[in-house]
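S.K.: Provided herewith: coords35.txt, compact mmCIF, C-alpha atoms.
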# COMPACT_ATOMS: atom_id res chain seq x y z
CA MET A 1 29.57 -90.56 -151.33
CA SER A 2 31.57 -90.03 -148.10
CA ALA A 3 31.07 -92.28 -145.06
CA THR A 4 29.88 -89.32 -142.99
CA ARG A 5 27.14 -88.42 -145.46
CA ALA A 6 26.14 -92.08 -145.87
CA GLY A 7 25.67 -92.24 -142.11
CA TYR A 8 23.27 -89.34 -142.22
CA PHE A 9 21.09 -91.03 -144.86
CA ALA A 10 21.02 -94.22 -142.82
CA ILE A 11 19.17 -92.62 -139.91
CA PRO A 12 15.56 -93.94 -140.29
CA CYS A 13 12.64 -91.53 -140.14
CA LEU A 14 14.74 -88.81 -138.54
CA LEU A 15 14.92 -86.62 -141.64
CA LEU A 16 11.63 -84.72 -141.54
CA LEU A 17 12.71 -81.92 -143.81
CA SER A 18 12.63 -81.42 -147.56
CA LEU A 19 15.09 -78.57 -148.01
CA ILE A 20 16.85 -77.17 -151.04
CA LEU A 21 19.83 -74.90 -150.43
CA VAL A 22 20.57 -72.69 -153.43
CA TRP A 23 24.13 -71.47 -153.03
CA GLN A 24 25.08 -68.24 -154.79
CA PRO A 25 28.55 -67.32 -153.47
CA ASN A 26 29.96 -63.86 -153.82
CA ALA A 27 33.10 -62.97 -155.74
CA GLN A 28 35.44 -63.88 -152.85
CA ALA A 29 33.69 -67.07 -151.69
CA SER A 30 34.00 -70.41 -153.42
CA MET A 31 31.15 -72.92 -153.83
CA VAL A 32 30.14 -74.46 -150.53
CA SER A 33 30.61 -78.21 -150.32
CA ALA A 34 27.60 -80.43 -149.66
CA SER A 35 29.26 -81.74 -146.53
CA LYS A 36 29.24 -78.24 -145.00
CA ALA A 37 25.51 -78.49 -144.20
CA VAL A 38 24.38 -80.97 -141.56
CA GLU A 39 20.70 -81.96 -141.15
CA LEU A 40 19.12 -83.85 -138.27
CA LYS A 41 15.64 -83.56 -136.70
CA ASN A 42 14.67 -80.48 -138.75
CA ARG A 43 18.06 -78.91 -137.92
CA PHE A 44 20.73 -77.84 -140.36
CA ARG A 45 23.89 -75.78 -140.21
CA ILE A 46 24.77 -72.83 -142.45
CA ASP A 47 28.46 -72.23 -143.14
CA HIS A 48 29.98 -68.74 -142.86
CA MET A 49 30.89 -68.75 -146.57
CA VAL A 50 27.27 -68.87 -147.76
CA ASP A 51 26.23 -65.60 -149.39
CA ASN A 52 22.51 -66.44 -149.81
CA LEU A 53 20.26 -69.50 -149.92
CA THR A 54 16.75 -70.69 -150.67
CA LEU A 55 14.88 -73.13 -148.43
CA VAL A 56 12.17 -75.32 -149.95
CA ILE A 57 10.27 -77.11 -147.18
CA GLN A 58 7.66 -79.82 -147.65
CA ARG A 59 4.84 -79.78 -145.09
CA ARG A 60 1.74 -81.87 -144.56
CA TYR A 61 -1.06 -80.79 -146.88
CA GLY A 62 -3.02 -77.86 -145.42
CA SER A 63 -0.72 -77.38 -142.41
CA ALA A 64 0.48 -73.99 -141.18
CA PRO A 65 3.77 -72.47 -142.41
CA VAL A 66 6.89 -73.45 -140.52
CA VAL A 67 8.64 -71.32 -137.91
CA VAL A 68 12.33 -70.65 -138.60
CA ILE A 69 14.63 -70.49 -135.53
CA LEU A 70 17.95 -68.74 -136.07
CA PRO A 71 21.24 -69.61 -134.35
CA ASP A 72 20.81 -66.70 -131.91
CA GLY A 73 17.34 -67.98 -130.87
CA SER A 74 15.30 -65.39 -132.76
CA LYS A 75 12.29 -66.59 -134.76
CA TRP A 76 10.83 -65.84 -138.22
CA TYR A 77 7.19 -66.36 -139.21
CA SER A 78 5.52 -66.34 -142.62
CA ASP A 79 4.03 -62.93 -141.82
CA ARG A 80 6.95 -61.50 -139.84
CA TYR A 81 10.52 -61.56 -141.15
CA PRO A 82 13.26 -59.02 -142.06
CA GLN A 83 13.55 -57.22 -145.39
CA THR A 84 16.46 -59.43 -146.46
CA VAL A 85 14.07 -62.42 -146.53
CA LYS A 86 11.44 -63.41 -149.13
CA TRP A 87 8.83 -65.99 -148.17
CA VAL A 88 6.18 -67.90 -150.15
CA ASP A 89 3.89 -70.22 -148.19
CA GLY A 90 1.83 -72.72 -150.18
CA ILE A 91 -0.73 -75.35 -149.33
CA ALA A 92 1.90 -78.03 -148.78
CA GLY A 93 5.20 -76.21 -148.48
CA ASP A 94 7.27 -73.08 -147.92
CA MET A 95 9.91 -71.42 -150.07
CA ILE A 96 12.17 -68.99 -148.21
CA TYR A 97 14.96 -66.92 -149.72
CA ILE A 98 17.53 -65.60 -147.22
CA GLU A 99 20.15 -62.97 -148.03
CA LYS A 100 23.40 -63.30 -146.03
CA PRO A 101 22.14 -65.93 -143.56
CA MET A 102 23.57 -66.06 -140.03
CA PRO A 103 26.19 -68.82 -139.76
CA GLY A 104 25.46 -71.58 -137.27
CA PRO A 105 22.74 -74.14 -136.46
CA TRP A 106 19.19 -73.44 -137.74
CA GLN A 107 15.95 -75.20 -136.87
CA LEU A 108 12.46 -75.49 -138.37
CA LEU A 109 9.26 -76.00 -136.37
CA GLY A 110 6.17 -77.27 -138.14
CA SER A 111 4.35 -80.24 -139.68
CA VAL A 112 7.25 -81.29 -141.88
CA VAL A 113 6.66 -84.51 -143.84
CA GLU A 114 8.26 -87.55 -142.24
CA GLY A 115 11.09 -89.22 -144.12
CA SER A 116 11.85 -86.20 -146.29
CA THR A 117 15.49 -85.52 -147.08
CA ILE A 118 17.66 -82.49 -147.68
CA GLN A 119 19.08 -81.73 -151.10
CA LYS A 120 21.81 -79.19 -151.64
CA ILE A 121 22.14 -77.53 -155.03
CA SER A 122 24.29 -74.79 -156.44
CA LYS A 123 21.84 -73.27 -158.96
CA LEU A 124 18.12 -72.99 -159.61
CA ASP A 125 16.93 -72.93 -163.21
CA ILE A 126 14.07 -73.92 -165.54
CA GLU A 127 14.01 -76.26 -168.52
CA VAL A 128 11.38 -75.55 -171.18
CA GLN A 129 10.61 -77.85 -174.09
CA PRO A 130 11.22 -75.90 -177.32
CA LEU A 131 8.32 -75.39 -179.72
CA PRO A 132 8.46 -77.67 -182.77
CA GLN A 133 8.96 -76.32 -186.26
CA PRO A 134 6.98 -76.04 -188.38
CA LEU A 135 4.24 -75.12 -185.91
CA TYR A 136 0.76 -74.63 -187.37
CA LYS A 137 -2.05 -72.24 -186.48
CA GLY A 138 -4.83 -73.92 -184.54
CA GLU A 139 -2.62 -76.86 -183.54
CA ARG A 140 -3.22 -78.64 -180.24
CA LEU A 141 0.22 -78.62 -178.70
CA LYS A 142 1.47 -80.31 -175.53
CA VAL A 143 4.65 -78.77 -174.10
CA THR A 144 6.44 -79.37 -170.81
CA ALA A 145 8.75 -77.52 -168.45
CA LYS A 146 10.70 -78.37 -165.31
CA LEU A 147 12.16 -76.54 -162.32
CA LEU A 148 15.77 -77.69 -161.98
CA GLY A 149 18.26 -77.78 -159.13
CA ASP A 150 21.80 -78.66 -160.19
CA ASP A 151 20.30 -79.90 -163.48
CA LEU A 152 18.03 -82.31 -161.59
CA THR A 153 14.22 -82.09 -161.68
CA MET A 154 12.72 -80.66 -158.50
CA ARG A 155 9.76 -82.71 -157.37
CA MET A 156 7.63 -81.98 -154.33
CA PRO A 157 3.87 -82.19 -153.59
CA GLY A 158 2.36 -78.72 -153.64
CA LEU A 159 5.13 -77.22 -155.78
CA ASP A 160 2.49 -76.42 -158.42
CA TYR A 161 0.85 -73.97 -155.97
CA MET A 162 4.15 -72.23 -155.20
CA VAL A 163 5.40 -71.46 -158.73
CA GLU A 164 3.50 -69.45 -161.33
CA TRP A 165 4.27 -70.28 -164.97
CA THR A 166 3.21 -67.95 -167.79
CA ALA A 167 3.74 -68.32 -171.55
CA ARG A 168 3.60 -65.31 -173.88
CA PHE A 169 3.91 -64.71 -177.63
CA ALA A 170 5.55 -61.45 -178.76
CA SER A 171 5.33 -60.50 -182.42
CA GLU A 172 8.58 -59.72 -184.20
CA HIS A 173 6.63 -57.13 -186.29
CA ILE A 174 7.69 -58.27 -189.73
CA VAL A 175 5.72 -56.30 -192.32
CA SER A 176 4.94 -59.30 -194.53
CA ASP A 177 3.50 -61.34 -191.61
CA ASP A 178 -0.15 -61.44 -190.59
CA ASN A 179 0.89 -60.73 -186.99
CA PHE A 180 2.65 -57.49 -187.87
CA ALA A 181 0.29 -55.40 -185.69
CA THR A 182 0.03 -58.01 -182.93
CA GLY A 183 1.68 -57.12 -179.62
CA THR A 184 2.46 -59.42 -176.69
CA ILE A 185 -0.28 -61.87 -175.73
CA ILE A 186 -0.58 -64.46 -172.95
CA VAL A 187 -1.18 -67.84 -174.59
CA GLY A 188 -1.11 -70.27 -171.70
CA ALA A 189 0.49 -71.57 -168.51
CA TYR A 190 2.18 -74.70 -167.19
CA LYS A 191 0.58 -76.88 -164.49
CA ASP A 192 1.60 -79.98 -162.56
CA ASN A 193 -1.87 -80.93 -161.30
CA GLY A 194 -2.73 -84.03 -163.36
CA GLU A 195 -5.48 -82.22 -165.29
CA LEU A 196 -6.01 -81.62 -169.02
CA LEU A 197 -2.78 -82.63 -170.82
CA ASP A 198 -0.70 -83.04 -167.64
CA GLU A 199 -0.06 -86.75 -167.12
CA ALA A 200 0.42 -86.95 -163.34
CA PRO A 201 0.27 -84.46 -160.46
CA ASP A 202 3.37 -83.52 -158.48
CA ASP A 203 5.76 -85.44 -160.75
CA GLY A 204 7.91 -82.36 -161.35
CA ILE A 205 6.83 -82.08 -165.01
CA PHE A 206 4.76 -78.96 -165.68
CA THR A 207 2.58 -79.27 -168.78
CA GLY A 208 1.22 -76.46 -170.94
CA SER A 209 -1.20 -76.18 -173.86
CA HIS A 210 -0.69 -72.92 -175.72
CA ASN A 211 -3.47 -71.15 -177.58
CA LEU A 212 -2.28 -71.21 -181.19
CA GLN A 213 -5.37 -69.52 -182.64
CA GLN A 214 -3.23 -66.48 -183.41
CA PRO A 215 -2.28 -64.65 -186.64
CA THR A 216 0.50 -66.41 -188.49
CA GLY A 217 4.01 -65.00 -188.54
CA HIS A 218 7.22 -64.80 -186.56
CA TYR A 219 7.02 -64.68 -182.73
CA ILE A 220 9.23 -64.84 -179.66
CA LEU A 221 8.10 -67.33 -177.01
CA ASN A 222 8.65 -66.07 -173.46
CA VAL A 223 8.11 -68.49 -170.56
CA THR A 224 8.37 -67.14 -167.00
CA ALA A 225 8.48 -69.12 -163.76
CA ARG A 226 8.21 -66.91 -160.72
CA ASN A 227 7.02 -66.29 -157.20
CA ASN A 228 8.03 -63.84 -154.49
CA VAL A 229 11.33 -65.67 -153.99
CA PHE A 230 12.73 -66.15 -157.51
CA GLU A 231 12.04 -65.53 -161.21
CA ARG A 232 13.43 -67.38 -164.23
CA GLU A 233 12.77 -66.79 -167.95
CA TYR A 234 13.14 -68.74 -171.18
CA GLU A 235 12.90 -67.30 -174.71
CA MET A 236 13.01 -68.70 -178.24
CA SER A 237 12.05 -67.48 -181.71
CA PHE A 238 9.65 -69.48 -183.84
CA GLU A 239 7.26 -69.14 -186.75
CA LEU A 240 3.53 -69.90 -186.65
CA SER A 241 2.62 -71.27 -190.08
CA PRO A 242 -0.76 -71.57 -191.89
CA GLN A 243 -2.51 -74.91 -191.64
CA PRO A 244 -1.53 -77.50 -194.28
CA LEU A 245 -5.14 -78.76 -194.27
CA LYS A 246 -8.18 -76.82 -195.42
CA ALA A 247 -11.93 -77.40 -195.09
CA GLU A 248 -14.33 -75.03 -196.88
CA MET A 249 -18.12 -75.12 -197.09
CA VAL A 250 -19.33 -75.41 -200.69
CA ALA A 251 -22.28 -73.19 -201.67
CA ASN A 252 -25.48 -75.20 -202.17
CA LYS A 253 -27.34 -74.31 -205.36
CA ASP A 254 -30.42 -76.43 -204.61
CA LEU A 255 -31.68 -75.26 -201.22
CA SER A 256 -34.72 -77.54 -201.28
CA LYS A 257 -32.69 -80.76 -200.91
CA GLY A 258 -30.99 -79.77 -197.63
CA ILE A 259 -27.63 -81.27 -198.63
CA TRP A 260 -24.32 -79.47 -198.06
CA LYS A 261 -20.76 -80.56 -198.74
CA ILE A 262 -17.23 -79.63 -197.61
CA GLN A 263 -14.24 -79.24 -199.89
CA LEU A 264 -11.15 -80.76 -198.24
CA SER A 265 -7.60 -79.95 -199.32
CA VAL A 266 -4.30 -81.44 -198.12
CA ASP A 267 -0.82 -80.00 -198.72
CA GLU A 268 1.17 -83.15 -199.43
CA SER A 269 4.44 -81.24 -199.22
CA ALA A 270 3.80 -80.72 -195.49
CA VAL A 271 1.81 -83.77 -194.30
CA LEU A 272 1.30 -87.39 -195.30
CA LEU A 273 -1.98 -87.92 -197.17
CA GLU A 274 -2.44 -91.56 -196.10
CA GLN A 275 -2.13 -90.57 -192.42
CA THR A 276 -4.58 -87.65 -192.59
CA HIS A 277 -8.03 -88.05 -191.07
CA PHE A 278 -10.93 -85.61 -190.53
CA GLU A 279 -13.64 -85.52 -187.89
CA PHE A 280 -16.55 -83.06 -187.96
CA GLU A 281 -19.54 -82.32 -185.78
CA LEU A 282 -22.72 -80.91 -187.35
CA VAL A 283 -24.62 -78.77 -184.84
CA GLY A 284 -28.11 -77.54 -185.72
CA PRO A 285 -31.41 -76.32 -184.25
CA ALA A 286 -33.34 -78.23 -181.56
CA GLY A 287 -30.10 -79.65 -180.10
CA LEU A 288 -29.07 -81.49 -183.26
CA ILE A 289 -25.53 -82.94 -183.07
CA ILE A 290 -24.34 -85.34 -185.78
CA PRO A 291 -20.72 -86.65 -185.96
CA VAL A 292 -19.16 -86.97 -189.41
CA THR A 293 -15.84 -88.81 -189.92
CA LEU A 294 -13.57 -89.24 -192.92
CA GLN A 295 -10.98 -91.89 -192.12
CA ALA A 296 -9.19 -92.12 -195.46
CA MET A 297 -8.25 -89.45 -197.99
CA THR A 298 -8.12 -90.81 -201.52
CA SER A 299 -6.71 -87.64 -203.08
CA ALA A 300 -5.31 -84.27 -202.06
CA LYS A 301 -8.64 -82.66 -202.93
CA GLN A 302 -11.80 -84.43 -201.87
CA VAL A 303 -15.46 -83.59 -201.28
CA LEU A 304 -17.20 -84.69 -198.08
CA TYR A 305 -21.03 -84.71 -198.09
CA LEU A 306 -22.76 -83.82 -194.84
CA PRO A 307 -25.93 -85.66 -193.69
CA LYS A 308 -29.16 -84.26 -195.12
CA VAL A 309 -30.82 -81.68 -192.87
CA THR A 310 -34.59 -81.28 -192.60
CA GLU A 311 -35.13 -78.56 -189.99
CA PHE A 312 -34.99 -74.96 -191.20
CA GLY A 313 -32.50 -72.80 -189.33
CA SER A 314 -28.81 -72.07 -188.81
CA TYR A 315 -26.15 -74.78 -188.71
CA ARG A 316 -22.45 -74.83 -187.84
CA VAL A 317 -19.74 -77.40 -188.48
CA LYS A 318 -16.84 -77.87 -186.01
CA GLY A 319 -13.92 -79.94 -187.20
CA THR A 320 -10.56 -81.39 -186.20
CA ALA A 321 -7.91 -83.13 -188.26
CA VAL A 322 -5.12 -85.49 -187.30
CA SER A 323 -2.13 -86.08 -189.49
CA THR A 324 1.61 -86.70 -189.62
CA THR A 325 4.12 -84.21 -190.98
CA VAL A 326 6.67 -85.25 -193.56
CA ASP A 327 9.24 -85.08 -190.72
CA GLY A 328 7.26 -87.68 -188.75
CA ARG A 329 5.64 -85.39 -186.13
CA GLU A 330 2.07 -86.26 -185.15
CA ILE A 331 -0.23 -83.22 -185.17
CA VAL A 332 -3.81 -82.40 -184.21
CA LEU A 333 -5.41 -79.33 -185.80
CA TYR A 334 -8.57 -77.46 -184.83
CA LEU A 335 -10.20 -76.36 -188.09
CA PRO A 336 -12.06 -73.03 -188.41
CA GLU A 337 -15.81 -73.32 -187.81
CA MET A 338 -18.11 -73.26 -190.83
CA PHE A 339 -21.72 -72.05 -191.01
CA PHE A 340 -24.74 -72.37 -193.32
CA ASN A 341 -28.47 -71.59 -193.21
CA PHE A 342 -31.21 -73.95 -194.35
CA ILE A 343 -34.18 -71.82 -195.41
CA GLU A 344 -37.45 -72.63 -197.15
CA ALA A 345 -37.11 -72.42 -200.94
CA PRO A 346 -39.14 -69.62 -202.61
CA VAL A 347 -42.41 -70.69 -204.33
CA SER A 348 -42.37 -70.44 -208.15
CA ILE A 349 -44.95 -67.98 -209.60
CA THR A 350 -47.51 -69.39 -212.12
CA ALA A 351 -50.76 -68.14 -213.64
CA GLU A 352 -52.74 -70.24 -211.18
CA SER A 353 -50.74 -68.95 -208.21
CA ILE A 354 -51.26 -65.38 -209.44
CA LYS A 355 -55.03 -65.99 -209.57
CA VAL A 356 -55.01 -67.42 -206.04
CA ILE A 357 -52.97 -64.47 -204.78
CA ALA A 358 -55.40 -62.02 -206.47
CA GLU A 359 -58.41 -63.74 -204.90
CA LYS A 360 -56.79 -63.61 -201.49
CA ALA A 361 -55.95 -59.95 -202.01
CA ALA A 362 -59.58 -59.18 -203.04
CA ILE A 363 -60.94 -60.95 -199.97
CA GLN A 364 -58.50 -59.10 -197.79
CA ALA A 365 -59.45 -55.77 -199.39
CA GLU A 366 -63.16 -56.50 -198.84
CA ILE A 367 -62.53 -57.31 -195.21
CA GLU A 368 -60.54 -54.14 -194.75
CA GLU A 369 -63.31 -52.11 -196.43
CA GLU A 370 -65.96 -53.54 -194.07
CA VAL A 371 -63.78 -52.77 -191.11
CA ALA A 372 -63.31 -49.20 -192.37
CA LYS A 373 -67.09 -48.75 -192.78
CA ASP A 374 -67.78 -50.06 -189.30
CA ASN A 375 -65.18 -47.71 -187.89
CA ALA A 376 -66.67 -44.73 -189.77
CA LEU A 377 -70.22 -45.54 -188.60
CA PHE A 378 -68.99 -45.87 -185.03
CA TRP A 379 -67.35 -42.46 -185.07
CA ILE A 380 -70.37 -40.83 -186.75
CA ILE A 381 -72.64 -42.10 -183.96
CA ILE A 382 -70.21 -40.95 -181.30
CA ILE A 383 -69.83 -37.47 -182.80
CA ASN A 384 -73.60 -37.00 -183.34
CA GLY A 385 -74.31 -38.11 -179.78
CA ILE A 386 -71.81 -35.58 -178.47
CA LEU A 387 -73.33 -32.78 -180.59
CA LEU A 388 -76.85 -33.69 -179.43
CA LEU A 389 -75.76 -33.64 -175.80
CA VAL A 390 -74.09 -30.24 -176.26
CA GLY A 391 -77.28 -28.88 -177.95
CA ILE A 392 -79.54 -30.03 -175.13
CA VAL A 393 -77.28 -28.50 -172.50
CA SER A 394 -77.08 -25.23 -174.45
CA LEU A 395 -80.90 -25.09 -174.83
CA ILE A 396 -81.44 -25.61 -171.10
CA VAL A 397 -78.97 -22.84 -170.24
CA TRP A 398 -80.59 -20.49 -172.79
CA ARG A 399 -84.13 -21.15 -171.43
CA LYS A 400 -83.01 -20.47 -167.89
CA ARG A 401 -81.44 -17.19 -168.96
CA GLN A 402 -84.72 -16.20 -170.73
CA THR A 403 -86.76 -17.07 -167.65
CA LEU A 404 -84.53 -14.96 -165.46
CA ALA A 405 -84.78 -11.98 -167.85
CA LYS A 406 -88.63 -12.11 -167.91
CA ALA A 407 -88.74 -12.37 -164.11
CA MET A 408 -86.59 -9.25 -163.82
CA ALA A 409 -88.91 -7.39 -166.23
CA ALA A 410 -92.04 -8.42 -164.28
CA ALA A 411 -90.50 -7.29 -161.01
CA GLU A 412 -89.64 -3.89 -162.45
CA LEU A 413 -93.20 -3.45 -163.79
CA ARG A 414 -94.67 -4.18 -160.37
CA LEU A 415 -92.46 -1.57 -158.77
CA GLN A 416 -93.73 0.99 -161.19
CA GLN A 417 -97.38 0.14 -160.39
CA GLU A 418 -96.88 0.50 -156.61
CA PRO A 419 -95.27 3.88 -156.02
CA GLN A 420 -96.64 4.05 -152.49
CA GLN A 421 -94.20 1.37 -151.44
CA PRO A 422 -90.83 2.67 -152.51
CA GLU A 423 -89.01 0.73 -149.83
CA LYS A 424 -89.56 -2.50 -151.73
CA SER A 425 -86.67 -3.34 -153.91
CA ILE A 426 -86.56 -5.44 -156.99
CA GLU A 427 -85.02 -8.28 -155.02
CA THR A 428 -87.94 -8.22 -152.59
CA LEU A 429 -90.45 -8.32 -155.39
CA LEU A 430 -88.62 -11.17 -157.03
CA ASP A 431 -89.02 -13.14 -153.82
CA THR A 432 -92.80 -12.63 -153.96
CA ILE A 433 -93.12 -13.60 -157.60
CA ASP A 434 -93.58 -17.22 -158.44
CA LEU A 435 -91.60 -17.88 -161.59
CA ASP A 436 -93.99 -20.64 -162.52
CA ASP A 437 -96.86 -18.06 -162.77
CA ILE A 438 -95.08 -16.03 -165.41
CA ASP A 439 -96.37 -16.48 -168.89
CA LEU A 440 -93.25 -16.81 -170.94
CA SER A 441 -95.25 -16.45 -174.11
CA ILE A 442 -96.16 -12.81 -173.40
CA PRO A 443 -94.49 -10.56 -175.90
CA ASP A 444 -92.19 -7.88 -174.68
CA ASP A 445 -94.44 -5.05 -176.04
CA LYS A 446 -97.31 -6.12 -173.72
CA ILE A 447 -95.06 -5.79 -170.73
CA GLU A 448 -94.35 -2.17 -171.60
Translate the structure described by the file into structure tokens.
M.R.:
Amino acid sequence: MSATRAGYFAIPCLLLLSLILVWQPNAQASMVSASKAVELKNRFRIDHMVDNLTLVIQRRYGSAPVVVILPDGSKWYSDRYPQTVKWVDGIAGDMIYIEKPMPGPWQLLGSVVEGSTIQKISKLDIEVQPLPQPLYKGERLKVTAKLLGDDLTMRMPGLDYMVEWTARFASEHIVSDDNFATGTIIVGAYKDNGELLDEAPDDGIFTGSHNLQQPTGHYILNVTARNNVFEREYEMSFELSPQPLKAEMVANKDLSKGIWKIQLSVDESAVLLEQTHFEFELVGPAGLIIPVTLQAMTSAKQVLYLPKVTEFGSYRVKGTAVSTTVDGREIVLYLPEMFFNFIEAPVSITAESIKVIAEKAAIQAEIEEEVAKDNALFWIIIINGILLLVGIVSLIVWRKRQTLAKAMAAAELRLQQEPQQPEKSIETLLDTIDLDDIDLSIPDDKIE
């Protein structure tokens, strides 16, 4: 390290900037030396030979994006900058890509972390941990990746929010494989947040856990790290193999005992039998959860009896297995779920049971017959009542019509007997006749 550069690093608490310069010189320009950039109090100088660069700035958590001041005094903001610039602002940092930067002194304004230093790198790349082989379906796999600058791991709080990692499986469409018709699927991502399988947040190691519950066969792994500033890819071919361990539910012939068993099988050509262990969880009705563990396998094929169940209903068995491959790799496998139903056994038919069933059927038939009779009697009463009501109404209407006809006949007879009063009409005579005085029993021939 030169004396000039050592002097810069000796200045206490004056370096408030975490900055990464990614130099990508053009065909005529050579690589810029680290001594060409000078940093002091959030200031740095860009040499005239720089073709493009990327700034990575560490800010206080939750602070506003920085303001970039150019050598000519003009300013850039996270929401206002030229088309030759790409800007990503995160929770704790900024990443700014600049095409053909203006030579001269630059300055940053913002809540830059105290004591941060400037690193200068010539290339930005990613390092992805290759997938192991053989890799088994349903395996729990921990893989890591890093963002590199000059082959050194980039580490900065908040970098996890600024870079998006995506892992994909693409089938190679080999006819003999189970994944022949499978396309490209997203199987996971990489995070540096200290959660799940990631060991520590912001340590520069991004951890992923791919979903390996996919059809077996040949794939291409594609890992992408990107944001609005840069994009890097990694690819590798691999094969997803069937599990070397099997667990199958054995059909229960005696349903009344409530006992089920699992047939376990181990492929000793792939894993070590003495280092293979099974753990199951029996889940049943009414919140039933019973753990079942098999710590030692005595043979490649072994039967494991589940605890006796007493409640009728549906059950499922979830299982995992841990083992060691013949190559010495430790593996954890998620086994396919198994299901069974515990139902009440059918009652055997005997002469006595037939007699009991017949008696019950006779009693039921008698009850149904009584109900049918009661229903018939009810409807007979209802129908007769309706007919009687209709008859009474019809009789009243008929009697009134008869009374009116006799009154008309009596009025006409009176008109005939009083010729001297022709001006009286039938209606007038009807008004003078009291209908109650008419003898309805008089035959029609007497009226004539």
S.K.: Restricting the calculation to only C-alpha atoms, which member of A:Glu330, A:Glu114, A:Asp177, A:Asp72 is positioned closest to Ile57 (chain A)?
M.R.: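 Of all the options, A:Glu114 lies closest to Ile57 (chain A).
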S.K.: So which residues touch Ile262 (chain A) within 8 Å, counting all atoms listed in the file, skipping near sequence neighbours fewer than 3 positions away, as a list in words?
M.R.: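 Near Ile262 (chain A), the qualifying residues are Ala247, Glu248, Met249, Val250, Val303, Leu304, Tyr305 and Leu306 of chain A.
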S.K.: Point out the residue among A:Tyr219, A:Ile357, A:Gln302, A:Glu164 with the least atom-to-atom distance to Ala181 (chain A), counting all atoms listed in the file.
M.R.: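 Once distances to Ala181 (chain A) are computed over all atoms listed in the file, the minimum belongs to A:Tyr219.
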S.K.: Of the residues A:Glu352, A:Asp178, A:Asp160, A:Asp202, which is the one nearest to Tyr190 (chain A), using only C-alpha atoms?
M.R.: A:Asp160
S.K.: Identify which of the residues A:Lys257, A:Ala358, A:Gly385, A:Val292 lies closest to Lys308 (chain A), counting all atoms listed in the file when measuring atom-to-atom distances.
M.R.: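 Closest candidate: A:Lys257.
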S.K.: Nearest to Val322 (chain A) among A:Leu282, A:Leu147, A:Ala296, A:Ile381, with distances taken over all atoms listed in the file: which residue is it?
M.R.: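 Selected residue with least distance to Val322 (chain A): A:Ala296.
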S.K.: Can you measure CA of Ile205 (chain A) to CA of Leu108 (chain A) for me? One decimal in Å is fine.
M.R.: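 According to the coordinates, CA of Ile205 (chain A) and CA of Leu108 (chain A) are separated by 28.0 Å.
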S.K.: Which value, in Å to one decimal, gives the distance between CA of Leu135 (chain A) and CA of Ser241 (chain A)?
M.R.: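 Separation between CA of Leu135 (chain A) and CA of Ser241 (chain A): 5.9 Å.
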S.K.: How far is it from CA of Ile396 (chain A) to CA of Met408 (chain A), in Å with one decimal?
M.R.: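 Taking CA of Ile396 (chain A) and CA of Met408 (chain A), their separation equals 18.6 Å.
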S.K.: Please provide the set of residues having any atom within 9 Å of Leu131 (chain A), restricted to all atoms listed in the file, with same-chain residues fewer than 4 positions apart removed, written as a list in words.
M.R.: Leu135, Leu141, Val143, Leu221, Met236, Ser237 and Phe238 of chain A
S.K.: Restricting the calculation to all atoms listed in the file: of A:Pro82, A:Pro101, A:Pro130, A:Gly110, which residue gets closest to Ala64 (chain A)?
M.R.: A:Gly110
S.K.: Identify, on the basis of all atoms listed in the file, every residue whose closest approach to Arg329 (chain A) does not exceed 10 Å; exclude the query and any residue fewer than 4 positions from it along the same chain; express the result as a list in words.
M.R.: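 My list of contacting residues is Pro132, Gln133, Pro134, Val271, Ser323, Thr324 and Thr325 of chain A.
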S.K.: Got time to write the residues from that selection, C-alpha atoms, as a compact mmCIF listing (two decimals), in the frame of the given file?
M.R.:
# COMPACT_ATOMS: atom_id res chain seq x y z
CA PRO A 132 8.46 -77.67 -182.77
CA GLN A 133 8.96 -76.32 -186.26
CA PRO A 134 6.98 -76.04 -188.38
CA VAL A 271 1.81 -83.77 -194.30
CA SER A 323 -2.13 -86.08 -189.49
CA THR A 324 1.61 -86.70 -189.62
CA THR A 325 4.12 -84.21 -190.98
S.K.: Please supply region 51-55 of chain A, rebuilt with N, CA, C and O atoms, as a compact mmCIF listing (two decimals), in the coordinates of the input.
M.R.:
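Output file out_8.txt follows:
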# COMPACT_ATOMS: atom_id res chain seq x y z
N ASP A 51 26.66 -66.97 -149.13
CA ASP A 51 26.23 -65.60 -149.39
C ASP A 51 24.71 -65.45 -149.33
O ASP A 51 24.19 -64.48 -148.83
N ASN A 52 23.98 -66.42 -149.89
CA ASN A 52 22.51 -66.44 -149.81
C ASN A 52 22.03 -67.85 -150.09
O ASN A 52 22.78 -68.68 -150.62
N LEU A 53 20.80 -68.15 -149.71
CA LEU A 53 20.26 -69.50 -149.92
C LEU A 53 18.74 -69.45 -150.02
O LEU A 53 18.12 -68.46 -149.63
N THR A 54 18.20 -70.53 -150.56
CA THR A 54 16.75 -70.69 -150.67
C THR A 54 16.35 -71.99 -150.03
O THR A 54 16.92 -73.05 -150.33
N LEU A 55 15.40 -71.94 -149.10
CA LEU A 55 14.88 -73.13 -148.43
C LEU A 55 13.56 -73.51 -149.08
O LEU A 55 12.67 -72.67 -149.20
